[in-house]
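A short write-up of the structure that comes next.
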Amino acid sequence: MTNFLLRRIGFILITLILTSIIIFSITQLLPGDVARVILGRFATEQALDNLRQELGLYRPLHVQYLDWAGGFIRGDWGDSLVSRMPIRPMVMQRLGNSAMLAGVALLIYVPLGIILGVIAALKKDKPPDQLITGISMAFVGLPEFVTGLLLITFLAIGLEWFPANSSIDPESTFREALPYLILPAITVSLTGLGYIARMTRSGTIDVLRTDYIRAADLKGLPAGQVLFKHVLRNSLLPTVTVVAMGIGWLLAGLIVTEAVFGYPGLGRLIVFSIQRQDLPLLQACSMIIVAIYSISNLAADIIYGLLNPRIRVGS
Amino acid sequence: MPKKVLDARNLTVTYKTEKGLLDTVRNVSLQICSGEIYGLVGESGSGKSTLARAIVRYLPENGFLKEGKIYLGDTDLLNLSKAEMRRVWGKRVTMVHQDPNAAINPSVMIGEQVAEVARTHLKLSKKEARNKALDMLTKVRIADPEVVARRYAHQLSGGMLQRVLVAIAMATNPELLIMDEPTTALDVTTEAVILDLIGDLMRENDTAVLYITHNLGVVARVCSRVGVLYAGEIMEEGSIGQVFKDTLHPYTRGLLGCVPRVNVNKKDISLKAIPGFIPRPDQLPPGCIFAPRCELAEEACRVERLPLKEIDYGHLTACRRNEELKRYGEVVADMREARSETEYGELVLEARNIKKYFPVVGGLSMFEKNRKREVKAVDDITIRVRRSFTMGIVGESGCGKTTFARCIMGLEEANAGEIELEGELLPYSVARRPRDMLRKMQMVFQNPDASLNPQHPVGEAVARPLKLLSSVNKEAIQERVKELFAAVNLPEDYIYRLPHELSGGEKQRVAIARAFAANPTLMICDEPISSLDVSVQASLMNLLVDLQESKGTSYLFISHDLSAVRHLSDWIAVVYLGRLWEIGSAEDVFVPPYHPYTEALLSALPIPDPDIKQESIRLKGSVPSAMNIPSGCRFHTRCPRKLGAICEKEEPPWQCIGYYHQLCCHIPVEDLQALQGEGLLKKERGAEQ
């Protein structure tokens, strides 16, 4: 296990280095000129040249890269070109907001998805299964801007249960933010739910077919004990992996949902940085996303290993 | 007075299928008394597992019991609700299944899987149940129960896991124990140990046992009564002596004739295969269901189906012509005209000092101190094969016999040694061997499903080597394919069929035809018949013998089945942990003095003849990992005849017995002779006189 961890962490470091090179090169290729972005369209050539000199844009690319990467590691992520504010606190705050949304969404869709998946598996090919499978397929297929708008129409505008707009004050605490989190979390959950339910369903069906479940039944154990102790312990292993890998998507991939609800998460920050050609901000956001995906993948593998004795205990 | 534990009457089990309702098991009655081990024998498709599941009311969703009564003691099982059945399962009826690796939950500790039964049914507290689990593990002779209880399934060998399953099944001291092929997935040596254990435990506890198997030898060893199931009906039932000695049904006789004997081989007899196939439940013949395959069938057999009739006390048969059968006596195999003691032809294959080490990959092994961690799969094996001659290679699973064959074939590249085919030195890798050499050496694999392309007609599989390895035109190839299909006794129209339209035995015939298409000098057969039913095995063995005689091909025949090897081979090599331990003519190797390992293999072999009392020489544990090979004699950790320190320290010398028979052991040949006495085969001859 230690060997495995060391190797995986090594891989993650390599991934981060490679992606940082890619991100840096791509942002260099993007149209637009940093100096022009800062000084505006009417700046003189002289002023632009001075600023470029000041920012070190005339240095060779690899020197610029090392300078940027070194700063990134030290925690100096530079200032935003647009707001002239330090990038790091900005990204961290947005990350915190994204984490709140992700947490609420996970609490909704993981238990629900597992329960529905298990019910579908136990009633395989019967009406409950067909209902669950059909509906979850539909929600996976529907884009978030459709489900999000439908939810706003019915639950916010129609029934007035929740606020329609989730553009909270970035400083607000979890308690204050919670009412605004419900609708976007449900929107996200409708997509996530389908994945979890289907994964749980197929995992459980596979395990129900095994010899050891037949053996557990024929041991005369109570049906509940067979399900919770013998079936789920094995059938939820793939589900756990999917949940852990989903964390990356929840933290950084909710661009559409955040836009629909106006929620200040990491996704919207990226869109903002692209629209305004805020290169340092874009670079920082991209690096954070790559890091989050790598770590959540690693977490998925570690959890899987911890739960599966075939990996946890050697032979 | 033994009391009747299971009384199942006139069971008919029906499945809902696409073809409508199919009665898979028809009108079967079983009575089993306490302390009795009842063997239910049948080939695949006979419905034996369905019957077992029907008895415990655990049929798949599309199956149901159409007719019949099932009593367990005084309880009418059919009157119980699902919830009440759960109180019967695990307490009054327990089951042990075929594959121990699959029947134990991989995520729950072994001890807990025993203890939960004790908690549920015996109402023991957590602590008492844990102690009970340790007790049970001790009872099934697991050496360190405390350690094993904390293990997971993947940390134990198949034999150990099967003991655990027996421990679970016996924990509640059930009235009825159903075992469905409990030793089929195990090595012959492990099987013997488990069978001993089952026999002892049952006698101790007076349990009634339904023992389901396809192996007549196993039945003869452990059972007291036996029922022969064919296509869902019982053909014959009686005590072991009655059924094996005074056989009253042609099907039983057929099965017994299919099993090779250990005292004769291909030179003396050809096995008596049963022609035809088991009928499918939707295509049952109108009369006796065995009539289409029966040599004795007369007109009446094809019209009317007789119920089981008691002929002797406790001996029942469904055959109307049982009187005639009695007159046939005990002949179960066709005698052959004794072949002249073959002048062994010239050398075809010589493989000298073959070694194959696999590096151990994974982890950070390159940083470890001991860098050269290797699995020594084959470690210095030398054999010679002559023309029209069969070299048999036997050994437990994991002994390196398949790796050795793959090295000869070039599918694995050997690390050292020389492979000479007809005097020509071969490169290690098949990719670098000249085309003509490829043609001369062909292989038949264990699993015909995996070696035939499911998308292509089987005729194409046979035509392919002809196209690749010979330069004949299309018509000639078609002609040759037809000849080959005829040679392996397949009808011509099979050429255009797809693999899934063929039975397992037929697919293996295609594989043999393909191998012969190239007209090889040497055929390597790696467990070619192991996955097939006994009756199919017999016909394939006959086919191999016939083809060898007509084409002069040499075989390298690899199997864990000693009786098949004995039947087919002229010479036998015994392999253990990547090395040869004994080699000699088939007649010599199975007669004392033999190597203690050979002795243990022979002693473990289940023989379908209740008169043979084999000495029980059992090996401890399982084959050690080829990564840490024991010092000195590699067999010393399990050898029942170990001398002492010398076996642990020094590699044993090769000793010659006569000119052709050699074995590798510290014990002098004379002493082995004295220890082993007459041996197994002599005893059998004695029993016949």
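As shown in the structure tokens, the chain order sets the letters A, B, ...; within each chain, residues go from 1, and ligands are also counted from 1 in the order they appear.
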Proximity check chain B to chain A, 9 Å, nearest pairs one decimal Å, only C-alpha atoms, as a tab-separated table:
residue	atom	partner	partner_atom	distance
B:Val56	CA	A:Leu218	CA	8.4
B:Tyr58	CA	A:Leu218	CA	8.2
B:Ala83	CA	A:Pro222	CA	8.5
B:Met85	CA	A:Gly220	CA	7.7
B:Arg86	CA	A:Gly220	CA	4.4
B:Arg87	CA	A:Gly220	CA	5.7
B:Val88	CA	A:Gly220	CA	6.8
B:Trp89	CA	A:Gly220	CA	4.5
B:Gly90	CA	A:Lys219	CA	3.8
B:Lys91	CA	A:Gly220	CA	7.2
B:Val93	CA	A:Leu218	CA	8.4
B:Thr94	CA	A:Lys219	CA	6.7
B:Met95	CA	A:Leu218	CA	7.0
B:Val96	CA	A:Ala215	CA	8.0
B:His97	CA	A:Ala215	CA	8.0
B:Asp99	CA	A:Asp211	CA	8.2
B:Pro100	CA	A:Asp211	CA	9.0
B:Asn101	CA	A:Tyr212	CA	9.0
B:Ala102	CA	A:Asp211	CA	5.5
B:Ala103	CA	A:Tyr212	CA	4.0
B:Ile104	CA	A:Tyr212	CA	5.1
B:Asn105	CA	A:Tyr212	CA	5.4
B:Pro106	CA	A:Pro309	CA	7.4
B:Ser107	CA	A:Pro309	CA	5.9
B:Val108	CA	A:His230	CA	7.7
B:Gln113	CA	A:Ala216	CA	8.8
B:Glu116	CA	A:Leu221	CA	7.9
B:Val117	CA	A:Lys219	CA	6.6
B:Thr120	CA	A:Leu221	CA	6.5
B:His121	CA	A:Gly220	CA	8.1
B:Arg151	CA	A:Val313	CA	8.9
B:Tyr152	CA	A:Pro309	CA	7.1
B:Ala153	CA	A:Arg310	CA	8.5
B:His154	CA	A:Arg310	CA	6.4
B:Gln155	CA	A:Ser315	CA	4.5
B:Leu156	CA	A:Ser315	CA	7.8
B:Ile168	CA	A:Lys219	CA	8.3
B:Ala169	CA	A:Lys219	CA	7.9
B:Gly363	CA	A:Asn3	CA	6.3
B:Leu364	CA	A:Asn3	CA	6.5
I'd like to know which residues of segment 528-648 of chain B are helix (DSSP H, G or I) (by DSSP, run on the backbone); could you write them as a PDB file with N, CA, C and O atoms, in the first residue's frame?
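To be explicit, this is the file written out as result_23.pdb:
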ATOM      1  N   VAL B 534     -17.381 -37.607 -19.014  1.00  0.00           N
ATOM      2  CA  VAL B 534     -16.642 -38.874 -19.148  1.00  0.00           C
ATOM      3  C   VAL B 534     -16.914 -39.592 -20.456  1.00  0.00           C
ATOM      4  O   VAL B 534     -15.996 -40.128 -21.082  1.00  0.00           O
ATOM      5  N   SER B 535     -18.185 -39.616 -20.882  1.00  0.00           N
ATOM      6  CA  SER B 535     -18.471 -40.379 -22.099  1.00  0.00           C
ATOM      7  C   SER B 535     -17.817 -39.707 -23.307  1.00  0.00           C
ATOM      8  O   SER B 535     -17.379 -40.371 -24.239  1.00  0.00           O
ATOM      9  N   VAL B 536     -17.747 -38.376 -23.266  1.00  0.00           N
ATOM     10  CA  VAL B 536     -17.103 -37.655 -24.369  1.00  0.00           C
ATOM     11  C   VAL B 536     -15.591 -37.833 -24.294  1.00  0.00           C
ATOM     12  O   VAL B 536     -14.912 -38.010 -25.302  1.00  0.00           O
ATOM     13  N   GLN B 537     -15.065 -37.838 -23.068  1.00  0.00           N
ATOM     14  CA  GLN B 537     -13.630 -38.078 -22.877  1.00  0.00           C
ATOM     15  C   GLN B 537     -13.219 -39.386 -23.529  1.00  0.00           C
ATOM     16  O   GLN B 537     -12.220 -39.460 -24.233  1.00  0.00           O
ATOM     17  N   ALA B 538     -14.030 -40.414 -23.282  1.00  0.00           N
ATOM     18  CA  ALA B 538     -13.679 -41.736 -23.794  1.00  0.00           C
ATOM     19  C   ALA B 538     -13.606 -41.710 -25.310  1.00  0.00           C
ATOM     20  O   ALA B 538     -12.654 -42.227 -25.905  1.00  0.00           O
ATOM     21  N   SER B 539     -14.595 -41.091 -25.970  1.00  0.00           N
ATOM     22  CA  SER B 539     -14.570 -41.131 -27.427  1.00  0.00           C
ATOM     23  C   SER B 539     -13.404 -40.314 -27.968  1.00  0.00           C
ATOM     24  O   SER B 539     -12.804 -40.677 -28.978  1.00  0.00           O
ATOM     25  N   LEU B 540     -13.052 -39.224 -27.264  1.00  0.00           N
ATOM     26  CA  LEU B 540     -11.908 -38.444 -27.738  1.00  0.00           C
ATOM     27  C   LEU B 540     -10.595 -39.202 -27.540  1.00  0.00           C
ATOM     28  O   LEU B 540      -9.707 -39.135 -28.376  1.00  0.00           O
ATOM     29  N   MET B 541     -10.492 -39.915 -26.428  1.00  0.00           N
ATOM     30  CA  MET B 541      -9.265 -40.695 -26.218  1.00  0.00           C
ATOM     31  C   MET B 541      -9.133 -41.762 -27.300  1.00  0.00           C
ATOM     32  O   MET B 541      -8.056 -41.971 -27.853  1.00  0.00           O
ATOM     33  N   ASN B 542     -10.262 -42.415 -27.625  1.00  0.00           N
ATOM     34  CA  ASN B 542     -10.210 -43.411 -28.699  1.00  0.00           C
ATOM     35  C   ASN B 542      -9.785 -42.771 -30.014  1.00  0.00           C
ATOM     36  O   ASN B 542      -8.983 -43.330 -30.765  1.00  0.00           O
ATOM     37  N   LEU B 543     -10.327 -41.570 -30.256  1.00  0.00           N
ATOM     38  CA  LEU B 543      -9.989 -40.857 -31.489  1.00  0.00           C
ATOM     39  C   LEU B 543      -8.492 -40.578 -31.554  1.00  0.00           C
ATOM     40  O   LEU B 543      -7.838 -40.809 -32.578  1.00  0.00           O
ATOM     41  N   LEU B 544      -7.945 -40.111 -30.432  1.00  0.00           N
ATOM     42  CA  LEU B 544      -6.515 -39.800 -30.412  1.00  0.00           C
ATOM     43  C   LEU B 544      -5.687 -41.050 -30.677  1.00  0.00           C
ATOM     44  O   LEU B 544      -4.693 -41.004 -31.415  1.00  0.00           O
ATOM     45  N   VAL B 545      -6.092 -42.169 -30.087  1.00  0.00           N
ATOM     46  CA  VAL B 545      -5.348 -43.411 -30.283  1.00  0.00           C
ATOM     47  C   VAL B 545      -5.417 -43.834 -31.749  1.00  0.00           C
ATOM     48  O   VAL B 545      -4.409 -44.173 -32.371  1.00  0.00           O
ATOM     49  N   ASP B 546      -6.630 -43.783 -32.328  1.00  0.00           N
ATOM     50  CA  ASP B 546      -6.792 -44.189 -33.726  1.00  0.00           C
ATOM     51  C   ASP B 546      -5.968 -43.315 -34.661  1.00  0.00           C
ATOM     52  O   ASP B 546      -5.302 -43.806 -35.566  1.00  0.00           O
ATOM     53  N   LEU B 547      -6.023 -42.018 -34.427  1.00  0.00           N
ATOM     54  CA  LEU B 547      -5.280 -41.107 -35.303  1.00  0.00           C
ATOM     55  C   LEU B 547      -3.784 -41.347 -35.191  1.00  0.00           C
ATOM     56  O   LEU B 547      -3.052 -41.284 -36.170  1.00  0.00           O
ATOM     57  N   GLN B 548      -3.342 -41.634 -33.962  1.00  0.00           N
ATOM     58  CA  GLN B 548      -1.921 -41.888 -33.789  1.00  0.00           C
ATOM     59  C   GLN B 548      -1.512 -43.127 -34.579  1.00  0.00           C
ATOM     60  O   GLN B 548      -0.479 -43.144 -35.231  1.00  0.00           O
ATOM     61  N   GLU B 549      -2.367 -44.161 -34.534  1.00  0.00           N
ATOM     62  CA  GLU B 549      -2.021 -45.388 -35.228  1.00  0.00           C
ATOM     63  C   GLU B 549      -1.992 -45.195 -36.730  1.00  0.00           C
ATOM     64  O   GLU B 549      -1.110 -45.695 -37.413  1.00  0.00           O
ATOM     65  N   SER B 550      -2.975 -44.431 -37.242  1.00  0.00           N
ATOM     66  CA  SER B 550      -3.023 -44.307 -38.698  1.00  0.00           C
ATOM     67  C   SER B 550      -2.030 -43.282 -39.226  1.00  0.00           C
ATOM     68  O   SER B 550      -1.571 -43.395 -40.352  1.00  0.00           O
ATOM     69  N   LYS B 551      -1.678 -42.285 -38.452  1.00  0.00           N
ATOM     70  CA  LYS B 551      -0.806 -41.231 -38.995  1.00  0.00           C
ATOM     71  C   LYS B 551       0.612 -41.271 -38.434  1.00  0.00           C
ATOM     72  O   LYS B 551       1.470 -40.521 -38.889  1.00  0.00           O
ATOM     73  N   LEU B 562      -4.608 -38.875 -13.864  1.00  0.00           N
ATOM     74  CA  LEU B 562      -3.691 -39.995 -13.990  1.00  0.00           C
ATOM     75  C   LEU B 562      -4.240 -41.125 -14.832  1.00  0.00           C
ATOM     76  O   LEU B 562      -3.507 -41.777 -15.563  1.00  0.00           O
ATOM     77  N   SER B 563      -5.542 -41.372 -14.738  1.00  0.00           N
ATOM     78  CA  SER B 563      -6.046 -42.520 -15.473  1.00  0.00           C
ATOM     79  C   SER B 563      -6.042 -42.238 -16.979  1.00  0.00           C
ATOM     80  O   SER B 563      -5.757 -43.134 -17.765  1.00  0.00           O
ATOM     81  N   ALA B 564      -6.321 -40.991 -17.372  1.00  0.00           N
ATOM     82  CA  ALA B 564      -6.256 -40.650 -18.797  1.00  0.00           C
ATOM     83  C   ALA B 564      -4.819 -40.759 -19.296  1.00  0.00           C
ATOM     84  O   ALA B 564      -4.560 -41.310 -20.365  1.00  0.00           O
ATOM     85  N   VAL B 565      -3.890 -40.268 -18.503  1.00  0.00           N
ATOM     86  CA  VAL B 565      -2.486 -40.341 -18.899  1.00  0.00           C
ATOM     87  C   VAL B 565      -2.035 -41.795 -19.008  1.00  0.00           C
ATOM     88  O   VAL B 565      -1.385 -42.198 -19.966  1.00  0.00           O
ATOM     89  N   ARG B 566      -2.446 -42.577 -18.032  1.00  0.00           N
ATOM     90  CA  ARG B 566      -2.071 -43.988 -18.040  1.00  0.00           C
ATOM     91  C   ARG B 566      -2.613 -44.671 -19.286  1.00  0.00           C
ATOM     92  O   ARG B 566      -1.949 -45.485 -19.916  1.00  0.00           O
ATOM     93  N   HIS B 567      -3.830 -44.314 -19.667  1.00  0.00           N
ATOM     94  CA  HIS B 567      -4.444 -44.973 -20.806  1.00  0.00           C
ATOM     95  C   HIS B 567      -3.741 -44.615 -22.111  1.00  0.00           C
ATOM     96  O   HIS B 567      -3.514 -45.472 -22.955  1.00  0.00           O
ATOM     97  N   LEU B 568      -3.379 -43.355 -22.259  1.00  0.00           N
ATOM     98  CA  LEU B 568      -2.890 -42.898 -23.561  1.00  0.00           C
ATOM     99  C   LEU B 568      -1.380 -43.007 -23.727  1.00  0.00           C
ATOM    100  O   LEU B 568      -0.892 -43.027 -24.846  1.00  0.00           O
ATOM    101  N   ALA B 586       4.962 -46.451 -19.118  1.00  0.00           N
ATOM    102  CA  ALA B 586       3.721 -46.337 -18.373  1.00  0.00           C
ATOM    103  C   ALA B 586       3.517 -47.531 -17.442  1.00  0.00           C
ATOM    104  O   ALA B 586       3.039 -47.380 -16.318  1.00  0.00           O
ATOM    105  N   GLU B 587       3.902 -48.719 -17.907  1.00  0.00           N
ATOM    106  CA  GLU B 587       3.727 -49.917 -17.080  1.00  0.00           C
ATOM    107  C   GLU B 587       4.577 -49.822 -15.822  1.00  0.00           C
ATOM    108  O   GLU B 587       4.154 -50.230 -14.751  1.00  0.00           O
ATOM    109  N   ASP B 588       5.789 -49.289 -15.963  1.00  0.00           N
ATOM    110  CA  ASP B 588       6.718 -49.260 -14.834  1.00  0.00           C
ATOM    111  C   ASP B 588       6.381 -48.171 -13.821  1.00  0.00           C
ATOM    112  O   ASP B 588       6.483 -48.373 -12.620  1.00  0.00           O
ATOM    113  N   VAL B 589       6.011 -46.999 -14.312  1.00  0.00           N
ATOM    114  CA  VAL B 589       5.852 -45.854 -13.418  1.00  0.00           C
ATOM    115  C   VAL B 589       4.743 -46.100 -12.400  1.00  0.00           C
ATOM    116  O   VAL B 589       4.839 -45.673 -11.253  1.00  0.00           O
ATOM    117  N   PRO B 596       7.841 -41.303  -4.048  1.00  0.00           N
ATOM    118  CA  PRO B 596       6.790 -41.023  -3.057  1.00  0.00           C
ATOM    119  C   PRO B 596       5.724 -40.064  -3.590  1.00  0.00           C
ATOM    120  O   PRO B 596       4.556 -40.180  -3.214  1.00  0.00           O
ATOM    121  N   TYR B 597       6.086 -39.158  -4.478  1.00  0.00           N
ATOM    122  CA  TYR B 597       5.085 -38.236  -5.033  1.00  0.00           C
ATOM    123  C   TYR B 597       4.125 -38.983  -5.963  1.00  0.00           C
ATOM    124  O   TYR B 597       2.914 -38.834  -5.881  1.00  0.00           O
ATOM    125  N   THR B 598       4.704 -39.818  -6.827  1.00  0.00           N
ATOM    126  CA  THR B 598       3.862 -40.642  -7.703  1.00  0.00           C
ATOM    127  C   THR B 598       2.936 -41.504  -6.849  1.00  0.00           C
ATOM    128  O   THR B 598       1.747 -41.663  -7.154  1.00  0.00           O
ATOM    129  N   GLU B 599       3.486 -42.046  -5.802  1.00  0.00           N
ATOM    130  CA  GLU B 599       2.725 -42.913  -4.912  1.00  0.00           C
ATOM    131  C   GLU B 599       1.518 -42.165  -4.344  1.00  0.00           C
ATOM    132  O   GLU B 599       0.394 -42.668  -4.339  1.00  0.00           O
ATOM    133  N   ALA B 600       1.774 -40.914  -3.905  1.00  0.00           N
ATOM    134  CA  ALA B 600       0.685 -40.127  -3.334  1.00  0.00           C
ATOM    135  C   ALA B 600      -0.365 -39.800  -4.390  1.00  0.00           C
ATOM    136  O   ALA B 600      -1.571 -39.849  -4.132  1.00  0.00           O
ATOM    137  N   LEU B 601       0.088 -39.481  -5.601  1.00  0.00           N
ATOM    138  CA  LEU B 601      -0.866 -39.190  -6.679  1.00  0.00           C
ATOM    139  C   LEU B 601      -1.742 -40.404  -6.949  1.00  0.00           C
ATOM    140  O   LEU B 601      -2.953 -40.311  -7.083  1.00  0.00           O
ATOM    141  N   LEU B 602      -1.099 -41.567  -7.018  1.00  0.00           N
ATOM    142  CA  LEU B 602      -1.842 -42.800  -7.302  1.00  0.00           C
ATOM    143  C   LEU B 602      -2.815 -43.122  -6.179  1.00  0.00           C
ATOM    144  O   LEU B 602      -3.939 -43.552  -6.411  1.00  0.00           O
ATOM    145  N   SER B 603      -2.356 -42.898  -4.977  1.00  0.00           N
ATOM    146  CA  SER B 603      -3.189 -43.223  -3.831  1.00  0.00           C
ATOM    147  C   SER B 603      -4.399 -42.305  -3.755  1.00  0.00           C
ATOM    148  O   SER B 603      -5.449 -42.677  -3.241  1.00  0.00           O
ATOM    149  N   ALA B 604      -4.253 -41.095  -4.296  1.00  0.00           N
ATOM    150  CA  ALA B 604      -5.355 -40.138  -4.248  1.00  0.00           C
ATOM    151  C   ALA B 604      -6.365 -40.360  -5.365  1.00  0.00           C
ATOM    152  O   ALA B 604      -7.500 -39.923  -5.281  1.00  0.00           O
ATOM    153  N   ALA B 645      17.048 -35.036   7.745  1.00  0.00           N
ATOM    154  CA  ALA B 645      17.790 -33.835   7.378  1.00  0.00           C
ATOM    155  C   ALA B 645      18.315 -33.905   5.944  1.00  0.00           C
ATOM    156  O   ALA B 645      18.360 -32.888   5.248  1.00  0.00           O
ATOM    157  N   ILE B 646      18.684 -35.083   5.502  1.00  0.00           N
ATOM    158  CA  ILE B 646      19.291 -35.194   4.170  1.00  0.00           C
ATOM    159  C   ILE B 646      18.348 -34.669   3.100  1.00  0.00           C
ATOM    160  O   ILE B 646      18.744 -34.011   2.139  1.00  0.00           O
ATOM    161  N   CYS B 647      17.035 -34.912   3.289  1.00  0.00           N
ATOM    162  CA  CYS B 647      16.043 -34.469   2.304  1.00  0.00           C
ATOM    163  C   CYS B 647      15.951 -32.941   2.260  1.00  0.00           C
ATOM    164  O   CYS B 647      15.624 -32.356   1.241  1.00  0.00           O
ATOM    165  N   GLU B 648      16.216 -32.303   3.417  1.00  0.00           N
ATOM    166  CA  GLU B 648      16.112 -30.845   3.452  1.00  0.00           C
ATOM    167  C   GLU B 648      17.360 -30.173   2.893  1.00  0.00           C
ATOM    168  O   GLU B 648      17.318 -29.021   2.482  1.00  0.00           O
TER     169      GLU B 648
END
(message) Could you list, as a ChimeraX atom specification, every residue within 9 Å of Pro292 of chain B, counting only C-alpha atoms and ignoring same-chain residues fewer than 5 positions away?
(response) /B:275-276,285,297,302
(message) I want to know what sits within 9 Å of segment 105-116 of chain A, based on only C-alpha atoms, with residues of the same chain fewer than 2 positions away left out; could you give that as JSON, numbers by chain?
(response) {"A": [100, 101, 102, 103, 118, 119, 120, 121, 129, 132, 133, 181, 182, 184, 185, 186, 187, 188, 189, 190, 191, 192, 193, 194, 195, 196, 197, 198, 199, 200, 201, 236, 239, 243, 247, 250]}
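Atom pair atom CA of Ile168 of chain A / atom CA of Pro264 of chain A has a distance of 7.1 Å (rounded to one decimal).
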(request) Find the spatial neighbours of Leu532 of chain B, counting only C-alpha atoms, within a cut-off of 12 Å - ignore same-chain residues fewer than 6 positions away - and output them as a list of chain:residue names. (result) B:Glu43, B:Ser44, B:Gly45, B:His214, B:Asn215, B:Gln446, B:Asn447, B:Pro448, B:Asp449, B:Ser503, B:Gly504, B:Gly505, B:Glu506, B:Lys507, B:Gln508, B:Arg509, B:Ala538, B:Ser539, B:Leu540, B:Met541
(message) Run DSSP on the backbone and tell me which residues of segment 129-350 of chain B come out as strand (DSSP E); list them as an MDAnalysis selection string.
(response) chainID B and resid 176:180 208:213 225:230 233:239 269:270 309:312 315:317 334:335 347:350
(message) So that I can check the surroundings of Phe145 of chain A, please list as a list in words every protein, DNA and RNA residue that reaches within 8 Å of it, counting only C-alpha atoms and ignoring chain neighbours fewer than 4 positions away.
(response) Leu149, Val256, Thr257 and Val260 of chain A
Hey, what's within 8 Å of Gln676 of chain B if we count only C-alpha atoms and toss same-chain stuff fewer than 3 positions away? As a PDB file with N, CA and C atoms, in the first residue's frame, please?
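Result went into selection.pdb, see below:
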ATOM      1  N   PRO B 592       5.226 -50.264  -8.098  1.00  0.00           N
ATOM      2  CA  PRO B 592       6.353 -49.994  -7.198  1.00  0.00           C
ATOM      3  C   PRO B 592       7.620 -50.663  -7.724  1.00  0.00           C
ATOM      4  N   PRO B 593       8.780 -50.128  -7.392  1.00  0.00           N
ATOM      5  CA  PRO B 593       8.952 -48.929  -6.578  1.00  0.00           C
ATOM      6  C   PRO B 593       8.658 -47.668  -7.387  1.00  0.00           C
ATOM      7  N   LEU B 672      12.400 -48.402  -1.172  1.00  0.00           N
ATOM      8  CA  LEU B 672      11.088 -47.995  -1.670  1.00  0.00           C
ATOM      9  C   LEU B 672      10.257 -49.229  -2.003  1.00  0.00           C
ATOM     10  N   GLN B 673      10.903 -50.171  -2.659  1.00  0.00           N
ATOM     11  CA  GLN B 673      10.225 -51.414  -3.026  1.00  0.00           C
ATOM     12  C   GLN B 673       9.659 -52.081  -1.776  1.00  0.00           C
ATOM     13  N   GLY B 679       1.877 -52.574  -4.179  1.00  0.00           N
ATOM     14  CA  GLY B 679       1.361 -51.398  -4.884  1.00  0.00           C
ATOM     15  C   GLY B 679      -0.072 -51.581  -5.289  1.00  0.00           C
TER      16      GLY B 679
END
(request) Rank B:Arg435, B:Asn628, B:Gln162, B:Tyr576 by their smallest atom-to-atom distance to Glu374 of chain B, using only C-alpha atoms, and report the top residue only. (result) B:Asn628
(request) Point out the residue among B:His661, B:Ala192, B:Gly232, B:Ile110 with the least atom-to-atom distance to Thr14 of chain B, counting only C-alpha atoms. (result) B:Gly232
(message) To one decimal place in Å, what is the distance between atom CA of Lys123 of chain B and atom CA of Thr172 of chain B?
(response)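 Separation of atom CA of Lys123 of chain B and atom CA of Thr172 of chain B: 10.7 Å.
One finds atom CA of Val303 of chain B at 20.0 Å from atom CA of Leu325 of chain B.
Using only C-alpha atoms, the shortest contact distance between Ser239 of chain B and any of B:Asn205, B:Ala291, B:Gly47, B:Glu36 is found at B:Glu36.
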